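Here is the structure we will look at, set down as structure tokens.
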Amino acid sequence: MSKVVCSPSSRKRRKRVLDRAKGFRGSRSKLIRTAYDAVDRANAMAYTGRKQKKRQYRRLWTIRINAACRLNGINYSQFIYGLKLASIQLNRKVLSEIAINDPDSFKSLVSKARKAIPNTK
């Protein structure tokens, strides 16, 4: 009876990992054991990167809104607080787009937020 060898499937699996490791430096793209480690780490970093991208965009929108608010004489936290009191529900992405592309509309939002805050001018 002949010996059963899983060479086709194992070769296919190793080839797939080495293809994913293409472009890595040195043995990380050549040797299978280090390539496994490198690909596993790259997958983990890609996962965390997808989560961080959302944080970074929100931070960018906040910075843009803050800059536009300060041009209109109010700070970011007071502006957001005023919008909540005025029950204007716009997310930060939309607010930053308005601040960049339509400053007049943003100015009207600032005035509505100011009016909604008690004890302000």
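Convention: chains lettered A, B, ... in structure tokens order; per-chain residue numbering from 1; ligands numbered from 1 as shown.
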
Item to complete: Enumerate, as number ranges by chain, the complete set of residues in chain A that a backbone-based DSSP assignment places in helix (DSSP H, G or I).
Response: A: 7-20, 26-29, 32-71, 76-85, 92-101, 103-116

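CA of Gln56 (chain A) sits 28.4 Å away from CA of Arg25 (chain A).
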
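Remark: for Leu71 (chain A), the closest of the candidate residues A:Lys115, A:Lys51, A:Arg92, A:Lys107 is A:Lys107 (distances computed over only C-alpha atoms).
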
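Surrounding region 26-32 of chain A within 12 Å are Ser10, Arg11, Arg13, Arg14, Lys15, Arg16, Val17, Leu18, Asp19, Arg20, Ala21, Lys22, Tyr36, Asp37, Ala38, Val39, Asp40, Arg41 and Ala42 of chain A, with only C-alpha atoms counted and residues fewer than 4 positions along the same chain left out.
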
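If you count only C-alpha atoms and ignore residues fewer than 5 places along the chain from region 79-85 of chain A, what sits within 6 Å of it is Ala113, Ala116 and Ile117 of chain A.
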
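Closest approach to Ala68 (chain A) among A:Met45, A:Ile100, A:Ile88, A:Val94: A:Ile100, based on only C-alpha atoms.
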
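Among the candidates A:Lys3, A:Leu109, A:Ser9, A:Pro118, the one nearest to Asn72 (chain A) when counting only C-alpha atoms is A:Leu109.
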
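The residue that comes closest to Tyr57 (chain A), out of A:Ser96, A:Ser7, A:Asn75, A:Asn119 and on the basis of only C-alpha atoms, is A:Ser96.
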
Fill in: All residues 9 Å or closer to Leu95 (chain A), only C-alpha atoms, same chain fewer than 2 positions away omitted, as a PyMOL selection string
chain A and resi 61-62+64-65+90-93+97-100+106

Keeping N, CA and C atoms, export the residues of the selection given above as a PDB file, in the first residue's frame.
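Done, and the output landed in out_35.pdb:
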```pdb
ATOM      1  N   TRP A  61     -12.636  65.646  11.433  1.00  0.00           N
ATOM      2  CA  TRP A  61     -13.880  66.418  11.345  1.00  0.00           C
ATOM      3  C   TRP A  61     -14.005  67.376  12.516  1.00  0.00           C
ATOM      4  N   THR A  62     -13.629  66.918  13.709  1.00  0.00           N
ATOM      5  CA  THR A  62     -13.704  67.763  14.900  1.00  0.00           C
ATOM      6  C   THR A  62     -12.784  68.967  14.760  1.00  0.00           C
ATOM      7  N   ARG A  64     -11.772  70.386  11.984  1.00  0.00           N
ATOM      8  CA  ARG A  64     -12.334  71.294  10.969  1.00  0.00           C
ATOM      9  C   ARG A  64     -13.497  72.105  11.527  1.00  0.00           C
ATOM     10  N   ILE A  65     -14.368  71.433  12.290  1.00  0.00           N
ATOM     11  CA  ILE A  65     -15.513  72.133  12.880  1.00  0.00           C
ATOM     12  C   ILE A  65     -15.024  73.180  13.875  1.00  0.00           C
ATOM     13  N   LEU A  90     -27.102  66.829  13.399  1.00  0.00           N
ATOM     14  CA  LEU A  90     -26.184  66.639  12.280  1.00  0.00           C
ATOM     15  C   LEU A  90     -24.913  66.009  12.826  1.00  0.00           C
ATOM     16  N   ASN A  91     -24.421  64.997  12.120  1.00  0.00           N
ATOM     17  CA  ASN A  91     -23.184  64.377  12.610  1.00  0.00           C
ATOM     18  C   ASN A  91     -21.971  65.211  12.228  1.00  0.00           C
ATOM     19  N   ARG A  92     -20.837  64.863  12.780  1.00  0.00           N
ATOM     20  CA  ARG A  92     -19.627  65.660  12.612  1.00  0.00           C
ATOM     21  C   ARG A  92     -19.125  65.669  11.173  1.00  0.00           C
ATOM     22  N   LYS A  93     -19.354  64.572  10.468  1.00  0.00           N
ATOM     23  CA  LYS A  93     -18.930  64.516   9.064  1.00  0.00           C
ATOM     24  C   LYS A  93     -19.683  65.569   8.243  1.00  0.00           C
ATOM     25  N   GLU A  97     -18.314  69.130   6.446  1.00  0.00           N
ATOM     26  CA  GLU A  97     -18.537  69.420   5.024  1.00  0.00           C
ATOM     27  C   GLU A  97     -19.227  70.779   4.854  1.00  0.00           C
ATOM     28  N   ILE A  98     -20.201  71.050   5.715  1.00  0.00           N
ATOM     29  CA  ILE A  98     -20.886  72.354   5.656  1.00  0.00           C
ATOM     30  C   ILE A  98     -19.900  73.479   5.967  1.00  0.00           C
ATOM     31  N   ALA A  99     -19.052  73.256   6.972  1.00  0.00           N
ATOM     32  CA  ALA A  99     -18.075  74.277   7.372  1.00  0.00           C
ATOM     33  C   ALA A  99     -17.109  74.601   6.235  1.00  0.00           C
ATOM     34  N   ILE A 100     -16.746  73.595   5.457  1.00  0.00           N
ATOM     35  CA  ILE A 100     -15.779  73.810   4.375  1.00  0.00           C
ATOM     36  C   ILE A 100     -16.462  74.405   3.142  1.00  0.00           C
ATOM     37  N   PHE A 106     -23.124  77.451   7.715  1.00  0.00           N
ATOM     38  CA  PHE A 106     -22.484  77.141   8.998  1.00  0.00           C
ATOM     39  C   PHE A 106     -22.659  78.307   9.967  1.00  0.00           C
TER      40      PHE A 106
END
```
